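**Q** My structure is below; once you've seen it, I'll send some questions.
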Amino acid sequence: MKVAIIGATGYGGAELVRILHRHPRVSIHSVHASSSQGEPLSNSFPHMQTIVHDQLQSVDLQKIAAEVDLVFTATPSGVAKELAPALLAEGVKVIDLSGDFRMNDREIYKKWYGIDAADEKLLNNAVYGLTEWIDVDLSEANLIANPGCYPTSVLLGLAPLVMNQKVDENTIIVDAKTGVSGAGKGFSAATHFAETNDNFKIYKVNQHQHTPEIEQMLQVWNSQTGAITFTTHLAPMTRGIMATMYATATEKTSTKELLDLFKESYHDKYFVRIRKEGEFPSTKEVYGSNFCDISLAYDERTNRITVVSVIDNLVKGASGQAVQNMNKMLGIDEKTGIDFMPVFP
Ligand SMILES: NC(=O)C1=CN([C@@H]2O[C@H](COP(=O)(O)OP(=O)(O)OC[C@H]3O[C@@H](n4cnc5c(N)ncnc54)[C@H](OP(=O)(O)O)[C@@H]3O)[C@@H](O)[C@H]2O)C=CC1
Ligand SMILES: CC(=O)N[C@@H](CCC(=O)OP(=O)(O)O)C(=O)O
């Protein structure tokens with residue numbers, strides 16, 4: 001199967017190239033960006049030289065639609081909603097890494113992203129691609145909204161608790177930290193080395209665009225779920241997300257009982273690894289991989305549960321999960337091409 005990557009000169013696009021280059025069932029037919037056209041992709045990413053020979057092409061939708069079966073859009077929010085209709089109309093499948101198709105409610109998207117949402121018809125057509133918890137047959141899907149990096153870590157960490165009414169739905173607090181690659185390749189003072197190295201910053205307090213995305217899914221799992229407190233921090237690391245979640249238990253429980261619930265919930269989900277009691281994951285333990293590692297503890301004194309979930313924002317939080325979704329669309333083993341060990345240390 002032939003695929004195209006639009007946004008190949010970005011961090012998410014580069015990670016798609018790295019993964020798909022070795023994928024046994026698809027070939028990268030073309031790579032696209034809005035600049036550097038005609039140049040080898042390896043000019044943008046010297047680490048790809050002698051391995052990747054593709055030249056960057058313009059975004060000619062008719063040409064792309066005529067040549068490939070599936071397109072990944074790894075572009076800033078607001079771009080894919082303009083590109084997808086022409087591709088879908090020609091029967092090309094689209095997996096979008098941005099926020100454009102994640103929200104069901106157009107007004108909520110506009111409020112949090114500050115731009116107009118995609119057409120209602122497109123949104124109705126899109127499947128939210130939190131792979132482990134998709135309840136439709138992806139081989140029938142033609143548009144996948146790949147989840148945001150933070151929502152992936154947060155939702156995987158909360159799913160068993162919320163689905164099984166183990167927490168008071170109105171007490172959820174998420175304290176999340178990300179590496180700087182989450183901001184993409186663009187330069188800004190906020191992500192400048194001098195301001196991120198040896199520093200720790202809180203940002204977008206009560207304004208993060210992933211807040212309604214997390215709430216939307218929690219409400220699918222338990223309609224009683226109210227607003228969450230979601231706070232994000234920039235940590236001095238390249239990749240990785242650690243989301244720490246706190247919520248009050250609905251009844252007295254134990255760490256062992258809750259870990260057993262998580263192990264049962266994820267027993268057939270290869271990319272989610274539940275740690276043993278007393279062991280908590282760190283971001284390096286999933287670096288460069290498609291794994292999400294989770295642990296938790298119950299505090300008898302406060303009746304609160306603390307869950308910790310870690311992912312690599314560029315892999316499970318973006319391109320790895322996008323390929324996992326593609327595999328499910330193709331009806332092949334979800335691990336194909338993404339079953340690699342984390343890079344450690
Ligand atoms: N970084 C991360 O950890 C994650 C990112 N995401 C989302 O994935 C998407 C890509 O993120 P990321 O790779 O970090 O972003 P980058 O800023 O690193 O890259 C963006 C890419 O999009 C291209 N692009 C921008 N505008 C257009 C356009 N109009 N037409 C075609 N190509 C365009 C850029 O090319 P050029 O420079 O030539 O314009 C570049 O290749 C974003 O929506 C992001 O929010 C999701 C999860 C995690
Ligand atoms: C460090 C940093 O700035 N990270 C970004 C990651 C969000 C992202 O990738 O955006 P969408 O998923 O909404 O497309 C942020 O917190 O906004």
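Here's how to read the names in the structure tokens: chain A, B, ... by the order shown, residue numbers from 1 in each chain, ligand numbers from 1 in the order shown.
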May I have the residues within 6 Å of ligand 1, computed using only C-alpha atoms and all ligand atoms, as a PyMOL selection string?

**A** chain A and resi 6-13+33-35+74-77+79+97-98+148-149+181-186+313-314+317-318

**Q** Got a sec: who's within 7 Å of range 319-327 of chain A, counting only C-alpha atoms, leaving out chain neighbours fewer than 5 positions off, as a ChimeraX atom specification?

**A** /A:12,15-16,95,129,131,146,290,314,332-336,338

**Q** Could you write those residues out with C-alpha atoms, as a short mmCIF file (atom, residue, chain, number, x, y, z; two decimals), in the first residue's frame?

**A**
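File written: part.cif
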data_model
loop_
_atom_site.label_atom_id
_atom_site.label_comp_id
_atom_site.auth_asym_id
_atom_site.auth_seq_id
_atom_site.Cartn_x
_atom_site.Cartn_y
_atom_site.Cartn_z
CA GLY A 12 5.69 14.17 13.87
CA GLU A 15 8.84 10.11 13.18
CA LEU A 16 6.35 8.77 10.61
CA ILE A 95 -5.07 9.84 9.41
CA GLY A 129 -8.21 6.98 17.34
CA THR A 131 -6.46 2.71 19.62
CA ASN A 146 -5.31 10.68 16.06
CA ASN A 290 4.94 2.96 21.32
CA LEU A 314 6.15 11.62 19.33
CA ILE A 332 -3.14 -6.49 10.12
CA ASP A 333 -1.47 -7.07 13.51
CA GLU A 334 -1.50 -3.73 15.34
CA LYS A 335 2.17 -4.26 16.31
CA THR A 336 3.41 -4.35 12.70
CA ILE A 338 6.03 -0.42 15.75
#

**Q** Smallest atom-to-atom distance to Gly331 in chain A: which of A:Leu259, A:Glu300, A:Ser153, A:Ser139, using only C-alpha atoms?

**A** A:Ser139

**Q** Any idea what the distance is between CA of Phe45 in chain A and CA of Thr232 in chain A?

**A**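 CA of Thr232 in chain A lies at a distance of 28.9 Å from CA of Phe45 in chain A.
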
**Q** Where does DSSP see strand (DSSP E) in range 107-188 of chain A, if you list the residues as a list of chain:residue names?

**A**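 So, restricting range 107-188 of chain A to strand (DSSP E), we get A:Val127, A:Tyr128, A:Leu143, A:Ile144, A:Ala145, A:Ile173, A:Val174, A:Asp175, A:Ala176, A:Lys177, A:Thr178.
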
**Q** Excluding Thr248 in chain A and residues on its chain fewer than 3 positions from it, collect all residues at most 12 Å away from it, counting only C-alpha atoms, and give them as a PyMOL selection string.

**A** chain A and resi 161-162+165-173+245+251-253+297-307

**Q** Give me a file of those residues, with N, CA and C atoms, as a short mmCIF file (atom, residue, chain, number, x, y, z; two decimals), in the first residue's frame.

**A**
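part16.cif, written as the output of this step:
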data_model
loop_
_atom_site.label_atom_id
_atom_site.label_comp_id
_atom_site.auth_asym_id
_atom_site.auth_seq_id
_atom_site.Cartn_x
_atom_site.Cartn_y
_atom_site.Cartn_z
N LEU A 161 -10.49 3.26 35.68
CA LEU A 161 -11.12 3.86 36.86
C LEU A 161 -12.46 4.48 36.51
N VAL A 162 -12.49 5.21 35.39
CA VAL A 162 -13.72 5.93 35.02
C VAL A 162 -14.78 4.96 34.48
N GLN A 165 -16.43 3.14 37.39
CA GLN A 165 -16.93 4.00 38.50
C GLN A 165 -16.11 3.84 39.79
N LYS A 166 -14.79 3.81 39.63
CA LYS A 166 -13.94 3.66 40.81
C LYS A 166 -13.57 5.01 41.42
N VAL A 167 -13.84 6.10 40.67
CA VAL A 167 -13.50 7.42 41.22
C VAL A 167 -14.72 8.35 41.15
N ASP A 168 -14.77 9.28 42.09
CA ASP A 168 -15.78 10.34 42.05
C ASP A 168 -15.46 11.19 40.82
N GLU A 169 -16.41 11.22 39.90
CA GLU A 169 -16.16 11.83 38.57
C GLU A 169 -15.83 13.31 38.63
N ASN A 170 -16.13 13.95 39.76
CA ASN A 170 -15.90 15.40 39.83
C ASN A 170 -14.65 15.77 40.61
N THR A 171 -13.78 14.80 40.83
CA THR A 171 -12.59 15.11 41.64
C THR A 171 -11.30 14.91 40.86
N ILE A 172 -11.39 14.78 39.54
CA ILE A 172 -10.19 14.41 38.78
C ILE A 172 -9.26 15.61 38.54
N ILE A 173 -8.01 15.44 38.94
CA ILE A 173 -6.99 16.46 38.71
C ILE A 173 -5.85 15.80 37.93
N MET A 245 -2.27 11.60 37.72
CA MET A 245 -3.70 11.86 37.91
C MET A 245 -4.09 11.57 39.35
N GLU A 251 -15.15 4.22 46.87
CA GLU A 251 -15.24 3.40 48.09
C GLU A 251 -13.84 2.96 48.49
N LYS A 252 -13.72 2.52 49.71
CA LYS A 252 -12.41 2.08 50.18
C LYS A 252 -11.90 0.96 49.28
N THR A 253 -10.62 1.00 48.94
CA THR A 253 -10.06 0.00 48.03
C THR A 253 -8.60 -0.24 48.43
N ALA A 297 -1.23 4.14 42.97
CA ALA A 297 -1.22 3.85 44.41
C ALA A 297 -2.48 4.42 45.04
N TYR A 298 -3.01 3.68 45.99
CA TYR A 298 -4.19 4.15 46.74
C TYR A 298 -3.70 4.62 48.10
N ASP A 299 -4.17 5.80 48.53
CA ASP A 299 -3.77 6.35 49.82
C ASP A 299 -4.96 6.26 50.79
N GLU A 300 -4.83 5.37 51.75
CA GLU A 300 -5.92 5.17 52.74
C GLU A 300 -6.22 6.43 53.52
N ARG A 301 -5.18 7.23 53.78
CA ARG A 301 -5.35 8.43 54.62
C ARG A 301 -6.31 9.43 53.97
N THR A 302 -6.19 9.58 52.63
CA THR A 302 -6.97 10.61 51.94
C THR A 302 -8.10 10.01 51.10
N ASN A 303 -8.11 8.69 50.96
CA ASN A 303 -9.05 7.97 50.07
C ASN A 303 -8.85 8.40 48.61
N ARG A 304 -7.65 8.85 48.29
CA ARG A 304 -7.39 9.25 46.90
C ARG A 304 -6.50 8.23 46.18
N ILE A 305 -6.71 8.20 44.86
CA ILE A 305 -5.90 7.32 44.00
C ILE A 305 -4.96 8.21 43.20
N THR A 306 -3.70 7.81 43.12
CA THR A 306 -2.72 8.50 42.26
C THR A 306 -2.33 7.54 41.14
N VAL A 307 -2.52 7.98 39.89
CA VAL A 307 -2.13 7.15 38.74
C VAL A 307 -1.01 7.88 38.00
#

**Q** Excluding Ile115 in chain A and its own-chain neighbours fewer than 3 positions away, which residues fall within 9 Å of it when counting only C-alpha atoms? Please give them as a PDB file with C-alpha atoms, in the first residue's frame.

**A**
ATOM      1  CA  SER A  77      -4.189  22.517  13.501  1.00  0.00           C
ATOM      2  CA  GLY A  78      -6.375  24.180  10.878  1.00  0.00           C
ATOM      3  CA  TYR A 109     -13.104  23.400  19.075  1.00  0.00           C
ATOM      4  CA  LYS A 110     -13.383  27.081  18.156  1.00  0.00           C
ATOM      5  CA  LYS A 111     -13.272  28.153  21.789  1.00  0.00           C
ATOM      6  CA  TRP A 112     -10.115  26.175  22.649  1.00  0.00           C
TER       7      TRP A 112
END

**Q** Give me the residues near Val31 in chain A as a list in words, where near means some atom within 7 Å (using only C-alpha atoms) and where sequence neighbours in that chain fewer than 5 positions away do not count.

**A**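 Result of the neighbour search: Ala4, Ile5, Ile6, Ala8, Asp54, Gln55, Leu56 and Gln57 of chain A.
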
**Q** Could you jot down the CA of Phe72 in chain A to CA of Val3 in chain A separation for me, Å, one decimal place?

**A** 7.5 Å

**Q** From the options A:Val308, A:Ile294, A:Met1, A:Ile241, which residue's atoms come nearest to Phe262 in chain A, counting only C-alpha atoms?

**A**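 That would be A:Ile294, the residue with the smallest distance to Phe262 in chain A.
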
**Q** With DSSP run on the backbone, what are the helix (DSSP H, G or I) residues within range 170-308 of chain A? I'd like them as a ChimeraX atom specification.

**A** /A:180-183,189-191,193-196,211-221,255-265,283-286

**Q** Set the distance at 10 Å and use only C-alpha atoms: which residues neighbour range 82-86 of chain A once local chain neighbours fewer than 4 positions away are removed? I'd like the list as a PDB file with N, CA and C atoms, in the first residue's frame.

**A**
ATOM      1  N   ILE A   6       2.057  14.357   4.659  1.00  0.00           N
ATOM      2  CA  ILE A   6       2.041  15.819   4.514  1.00  0.00           C
ATOM      3  C   ILE A   6       2.462  16.405   5.861  1.00  0.00           C
ATOM      4  N   VAL A  59       1.968  20.324  -2.096  1.00  0.00           N
ATOM      5  CA  VAL A  59       0.732  19.634  -1.708  1.00  0.00           C
ATOM      6  C   VAL A  59      -0.277  19.778  -2.851  1.00  0.00           C
ATOM      7  N   ASP A  60      -0.115  18.924  -3.869  1.00  0.00           N
ATOM      8  CA  ASP A  60      -1.047  18.903  -5.004  1.00  0.00           C
ATOM      9  C   ASP A  60      -2.034  17.764  -4.716  1.00  0.00           C
ATOM     10  N   LEU A  61      -3.194  18.153  -4.198  1.00  0.00           N
ATOM     11  CA  LEU A  61      -4.128  17.137  -3.683  1.00  0.00           C
ATOM     12  C   LEU A  61      -4.602  16.168  -4.748  1.00  0.00           C
ATOM     13  N   GLN A  62      -4.832  16.681  -5.961  1.00  0.00           N
ATOM     14  CA  GLN A  62      -5.309  15.792  -7.044  1.00  0.00           C
ATOM     15  C   GLN A  62      -4.268  14.729  -7.359  1.00  0.00           C
ATOM     16  N   ILE A  64      -1.777  13.713  -5.388  1.00  0.00           N
ATOM     17  CA  ILE A  64      -1.620  12.801  -4.246  1.00  0.00           C
ATOM     18  C   ILE A  64      -2.752  11.763  -4.259  1.00  0.00           C
ATOM     19  N   ALA A  65      -3.986  12.256  -4.446  1.00  0.00           N
ATOM     20  CA  ALA A  65      -5.151  11.344  -4.418  1.00  0.00           C
ATOM     21  C   ALA A  65      -5.059  10.300  -5.518  1.00  0.00           C
ATOM     22  N   VAL A  71      -3.191   8.919   3.371  1.00  0.00           N
ATOM     23  CA  VAL A  71      -2.371  10.112   3.641  1.00  0.00           C
ATOM     24  C   VAL A  71      -2.331  10.369   5.148  1.00  0.00           C
ATOM     25  N   PHE A  72      -1.126  10.608   5.652  1.00  0.00           N
ATOM     26  CA  PHE A  72      -0.984  11.105   7.020  1.00  0.00           C
ATOM     27  C   PHE A  72      -0.834  12.616   6.936  1.00  0.00           C
ATOM     28  N   THR A  73      -1.654  13.344   7.692  1.00  0.00           N
ATOM     29  CA  THR A  73      -1.461  14.791   7.778  1.00  0.00           C
ATOM     30  C   THR A  73      -0.855  15.097   9.149  1.00  0.00           C
ATOM     31  N   GLY A  78      -5.789  23.250  11.850  1.00  0.00           N
ATOM     32  CA  GLY A  78      -6.375  24.180  10.878  1.00  0.00           C
ATOM     33  C   GLY A  78      -6.019  23.827   9.448  1.00  0.00           C
ATOM     34  N   GLU A  90     -11.874  11.259  -3.143  1.00  0.00           N
ATOM     35  CA  GLU A  90     -11.282  10.334  -4.127  1.00  0.00           C
ATOM     36  C   GLU A  90     -11.036   8.950  -3.524  1.00  0.00           C
ATOM     37  N   GLY A  91     -11.586   8.722  -2.336  1.00  0.00           N
ATOM     38  CA  GLY A  91     -11.462   7.383  -1.733  1.00  0.00           C
ATOM     39  C   GLY A  91     -10.147   7.142  -1.018  1.00  0.00           C
ATOM     40  N   VAL A  92      -9.386   8.218  -0.771  1.00  0.00           N
ATOM     41  CA  VAL A  92      -8.115   8.069  -0.048  1.00  0.00           C
ATOM     42  C   VAL A  92      -8.390   8.172   1.445  1.00  0.00           C
ATOM     43  N   LYS A  93      -7.786   7.279   2.220  1.00  0.00           N
ATOM     44  CA  LYS A  93      -7.971   7.322   3.670  1.00  0.00           C
ATOM     45  C   LYS A  93      -7.048   8.384   4.265  1.00  0.00           C
ATOM     46  N   VAL A  94      -7.490   8.995   5.365  1.00  0.00           N
ATOM     47  CA  VAL A  94      -6.697  10.062   5.992  1.00  0.00           C
ATOM     48  C   VAL A  94      -6.556   9.781   7.487  1.00  0.00           C
ATOM     49  N   ILE A  95      -5.315   9.884   7.969  1.00  0.00           N
ATOM     50  CA  ILE A  95      -5.075   9.839   9.415  1.00  0.00           C
ATOM     51  C   ILE A  95      -4.437  11.177   9.783  1.00  0.00           C
ATOM     52  N   ASP A  96      -5.133  11.937  10.602  1.00  0.00           N
ATOM     53  CA  ASP A  96      -4.664  13.285  10.939  1.00  0.00           C
ATOM     54  C   ASP A  96      -4.099  13.329  12.351  1.00  0.00           C
ATOM     55  N   ASP A 100      -7.733  18.737  14.468  1.00  0.00           N
ATOM     56  CA  ASP A 100      -8.848  19.172  13.601  1.00  0.00           C
ATOM     57  C   ASP A 100     -10.111  18.323  13.645  1.00  0.00           C
ATOM     58  N   ALA A 118     -13.694  22.084  11.587  1.00  0.00           N
ATOM     59  CA  ALA A 118     -13.978  21.398  10.315  1.00  0.00           C
ATOM     60  C   ALA A 118     -15.489  21.292  10.113  1.00  0.00           C
ATOM     61  N   ASP A 119     -15.896  20.997   8.883  1.00  0.00           N
ATOM     62  CA  ASP A 119     -17.325  20.826   8.588  1.00  0.00           C
ATOM     63  C   ASP A 119     -17.913  19.686   9.413  1.00  0.00           C
ATOM     64  N   LYS A 121     -19.968  17.430   8.618  1.00  0.00           N
ATOM     65  CA  LYS A 121     -19.989  16.131   7.931  1.00  0.00           C
ATOM     66  C   LYS A 121     -18.669  15.384   8.141  1.00  0.00           C
ATOM     67  N   LEU A 122     -17.580  16.149   8.063  1.00  0.00           N
ATOM     68  CA  LEU A 122     -16.261  15.533   8.271  1.00  0.00           C
ATOM     69  C   LEU A 122     -16.136  15.025   9.706  1.00  0.00           C
ATOM     70  N   LEU A 143     -11.452   8.181   7.932  1.00  0.00           N
ATOM     71  CA  LEU A 143     -10.821   9.366   8.532  1.00  0.00           C
ATOM     72  C   LEU A 143     -10.602   9.111  10.014  1.00  0.00           C
TER      73      LEU A 143
END

**Q** How many Å separate CA of Thr178 in chain A from CA of His233 in chain A?

**A**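 Calculated distance between CA of Thr178 in chain A and CA of His233 in chain A is 6.2 Å.
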
**Q** Smallest atom-to-atom distance to ligand 2: which of A:Pro46, A:Pro212, A:Pro40, A:Gly157, using only C-alpha atoms and all ligand atoms?

**A**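 Looking at the shortest contact to ligand 2, the residue is A:Pro212.
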
**Q** Could you name the residues that touch Tyr203 in chain A at 12 Å or less, counting only C-alpha atoms, but leaving out those on the same chain fewer than 4 positions away, as a PDB file with C-alpha atoms, in the first residue's frame?

**A**
ATOM      1  CA  ASP A 175      -0.802  17.211  36.530  1.00  0.00           C
ATOM      2  CA  ALA A 176       1.099  16.627  33.273  1.00  0.00           C
ATOM      3  CA  LYS A 177       4.664  17.281  32.115  1.00  0.00           C
ATOM      4  CA  THR A 178       6.015  17.155  28.584  1.00  0.00           C
ATOM      5  CA  ALA A 183       5.918  22.034  20.701  1.00  0.00           C
ATOM      6  CA  ALA A 190       9.251  29.709  25.231  1.00  0.00           C
ATOM      7  CA  THR A 191      11.094  26.692  23.836  1.00  0.00           C
ATOM      8  CA  GLN A 207      -6.485  27.029  28.903  1.00  0.00           C
ATOM      9  CA  HIS A 208      -4.906  23.942  27.397  1.00  0.00           C
ATOM     10  CA  GLN A 209      -6.655  22.846  24.175  1.00  0.00           C
ATOM     11  CA  PHE A 230      -5.688  19.792  33.747  1.00  0.00           C
ATOM     12  CA  THR A 231      -2.327  21.488  34.209  1.00  0.00           C
ATOM     13  CA  THR A 232       0.632  21.232  31.845  1.00  0.00           C
ATOM     14  CA  HIS A 233       4.346  21.769  32.410  1.00  0.00           C
ATOM     15  CA  LEU A 234       7.387  21.976  30.166  1.00  0.00           C
ATOM     16  CA  ALA A 235      10.205  19.754  31.447  1.00  0.00           C
TER      17      ALA A 235
END

**Q** Would you please work out which residue, of A:Val315, A:Met217, A:Leu156, A:Pro236, is nearest to Lys269 in chain A when using only C-alpha atoms?

**A**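 So, comparing all the options, the nearest one is A:Leu156.
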